[in-house]
Amino acid sequence: MCVTKGKHGAVLLYKNQLFYNSGYKIKVVDTIGSGDSFLASLTTKLINGEKPQKAIDFAVGALVT
């Protein structure tokens, strides 16, 4: 389970462990597609065997916004 917290990052519960990312400071231009990109990035990384902390850090990367 994953909970996104907007500009405050996200929390991931994976195999009974919590993983956090507090977000990154960026200048937001447009948030359209951010949630979809976050979920796709996180899911892809986890399916491909990436460690959960690295996966959530990548997904919160803010490149889309």
# chains A, B, ... in the order shown; residues from 1 in each chain; ligands from 1

$ select_by_dssp --residues "chain A" --states "alpha helix (DSSP H)" --output "list in words"
Ser34, Gly35, Asp36, Ser37, Phe38, Leu39, Ala40, Ser41, Leu42, Thr43, Thr44, Lys45, Leu46, Ile47, Pro52, Gln53, Lys54, Ala55, Ile56, Asp57, Phe58 and Ala59 of chain A

$ residues_around --residues "stretch 22-29 of chain A" --least-positions-apart "4" --cutoff "9 Å" --atoms "only C-alpha atoms" --output "number ranges by chain"
A: 5-11, 57, 60-62, 65

$ write_last_selection --atoms "all heavy atoms" --output "compact mmCIF listing (two decimals), in the first residue's frame"
# COMPACT_ATOMS: atom_id res chain seq x y z
N LYS A 5 1.58 12.05 -0.37
CA LYS A 5 1.34 13.18 0.52
C LYS A 5 1.63 14.51 -0.18
O LYS A 5 2.10 15.45 0.45
CB LYS A 5 2.19 13.03 1.77
CG LYS A 5 1.94 11.72 2.50
CD LYS A 5 2.70 11.58 3.82
CE LYS A 5 4.15 11.94 3.71
NZ LYS A 5 4.86 11.92 4.98
N GLY A 6 1.37 14.57 -1.48
CA GLY A 6 1.61 15.81 -2.22
C GLY A 6 3.05 16.25 -2.12
O GLY A 6 3.97 15.46 -2.33
N LYS A 7 3.25 17.52 -1.78
CA LYS A 7 4.62 18.05 -1.70
C LYS A 7 5.43 17.44 -0.56
O LYS A 7 6.63 17.66 -0.46
CB LYS A 7 4.60 19.56 -1.58
CG LYS A 7 4.06 20.07 -0.26
CD LYS A 7 4.12 21.59 -0.22
CE LYS A 7 3.64 22.10 1.13
NZ LYS A 7 3.75 23.56 1.20
N HIS A 8 4.78 16.64 0.28
CA HIS A 8 5.47 16.01 1.40
C HIS A 8 5.89 14.57 1.11
O HIS A 8 6.22 13.83 2.02
CB HIS A 8 4.59 16.07 2.65
CG HIS A 8 4.24 17.46 3.05
ND1 HIS A 8 5.15 18.36 3.56
CD2 HIS A 8 3.07 18.13 2.97
CE1 HIS A 8 4.57 19.50 3.80
NE2 HIS A 8 3.29 19.39 3.44
N GLY A 9 5.85 14.17 -0.15
CA GLY A 9 6.37 12.86 -0.55
C GLY A 9 5.36 11.75 -0.49
O GLY A 9 4.20 11.92 -0.85
N ALA A 10 5.80 10.58 0.02
CA ALA A 10 4.94 9.40 0.05
C ALA A 10 5.45 8.40 1.08
O ALA A 10 6.61 8.45 1.50
CB ALA A 10 4.91 8.74 -1.33
N VAL A 11 4.55 7.50 1.47
CA VAL A 11 4.87 6.42 2.39
C VAL A 11 4.45 5.12 1.73
O VAL A 11 3.35 5.03 1.18
CB VAL A 11 4.12 6.58 3.73
CG1 VAL A 11 4.43 5.43 4.67
CG2 VAL A 11 4.43 7.90 4.38
N ASP A 57 11.91 6.31 -3.84
CA ASP A 57 12.73 7.50 -4.12
C ASP A 57 12.65 7.87 -5.60
O ASP A 57 12.55 9.05 -5.95
CB ASP A 57 14.18 7.25 -3.72
CG ASP A 57 14.38 7.18 -2.22
OD1 ASP A 57 13.49 7.61 -1.45
OD2 ASP A 57 15.44 6.66 -1.80
N VAL A 60 9.01 9.29 -6.47
CA VAL A 60 8.74 10.64 -5.96
C VAL A 60 9.59 11.68 -6.69
O VAL A 60 9.44 12.86 -6.47
CB VAL A 60 8.96 10.68 -4.42
CG1 VAL A 60 8.86 12.08 -3.86
CG2 VAL A 60 7.97 9.78 -3.71
N GLY A 61 10.40 11.25 -7.62
CA GLY A 61 11.39 12.10 -8.29
C GLY A 61 10.96 13.41 -8.87
O GLY A 61 11.79 14.22 -9.23
N ALA A 62 9.68 13.68 -9.04
CA ALA A 62 9.15 14.98 -9.45
C ALA A 62 9.51 15.41 -10.86
O ALA A 62 9.37 16.57 -11.21
CB ALA A 62 9.58 16.07 -8.46
N THR A 65 6.26 16.75 -12.72
CA THR A 65 5.73 18.05 -12.32
C THR A 65 6.66 19.16 -12.69
O THR A 65 6.28 20.28 -12.80
CB THR A 65 5.46 18.12 -10.80
OG1 THR A 65 6.46 17.40 -10.11
CG2 THR A 65 4.11 17.57 -10.47

$ closest_residue --among "A:Asp30, A:Phe19, A:Ala40, A:Gly35" --to "A:Ile56" --atoms "only C-alpha atoms"
A:Phe19

$ residues_around --residues "A:Gln17" --least-positions-apart "3" --cutoff "12 Å" --atoms "only C-alpha atoms" --output "number ranges by chain"
A: 1-2, 11-14, 20, 51-53

$ atom_distance --atom1 "atom CA of A:Gly33" --atom2 "atom CA of A:Asn16"
28.8 Å

$ residues_around --residues "A:Ala55" --least-positions-apart "5" --cutoff "7 Å" --atoms "only C-alpha atoms" --output "list in words"
Leu42, Lys45, Leu46 and Glu50 of chain A

$ closest_residue --among "A:Lys15, A:Asp36, A:Val3, A:Asn21" --to "A:Phe58" --atoms "only C-alpha atoms"
A:Asn21

$ select_by_dssp --residues "chain A" --states "strand (DSSP E or B)" --output "ChimeraX atom specification"
/A:2-4,10-14,17-21

$ closest_residue --among "A:Leu18, A:Phe38, A:Ile32, A:Ile47" --to "A:Thr4" --atoms "only C-alpha atoms"
A:Phe38
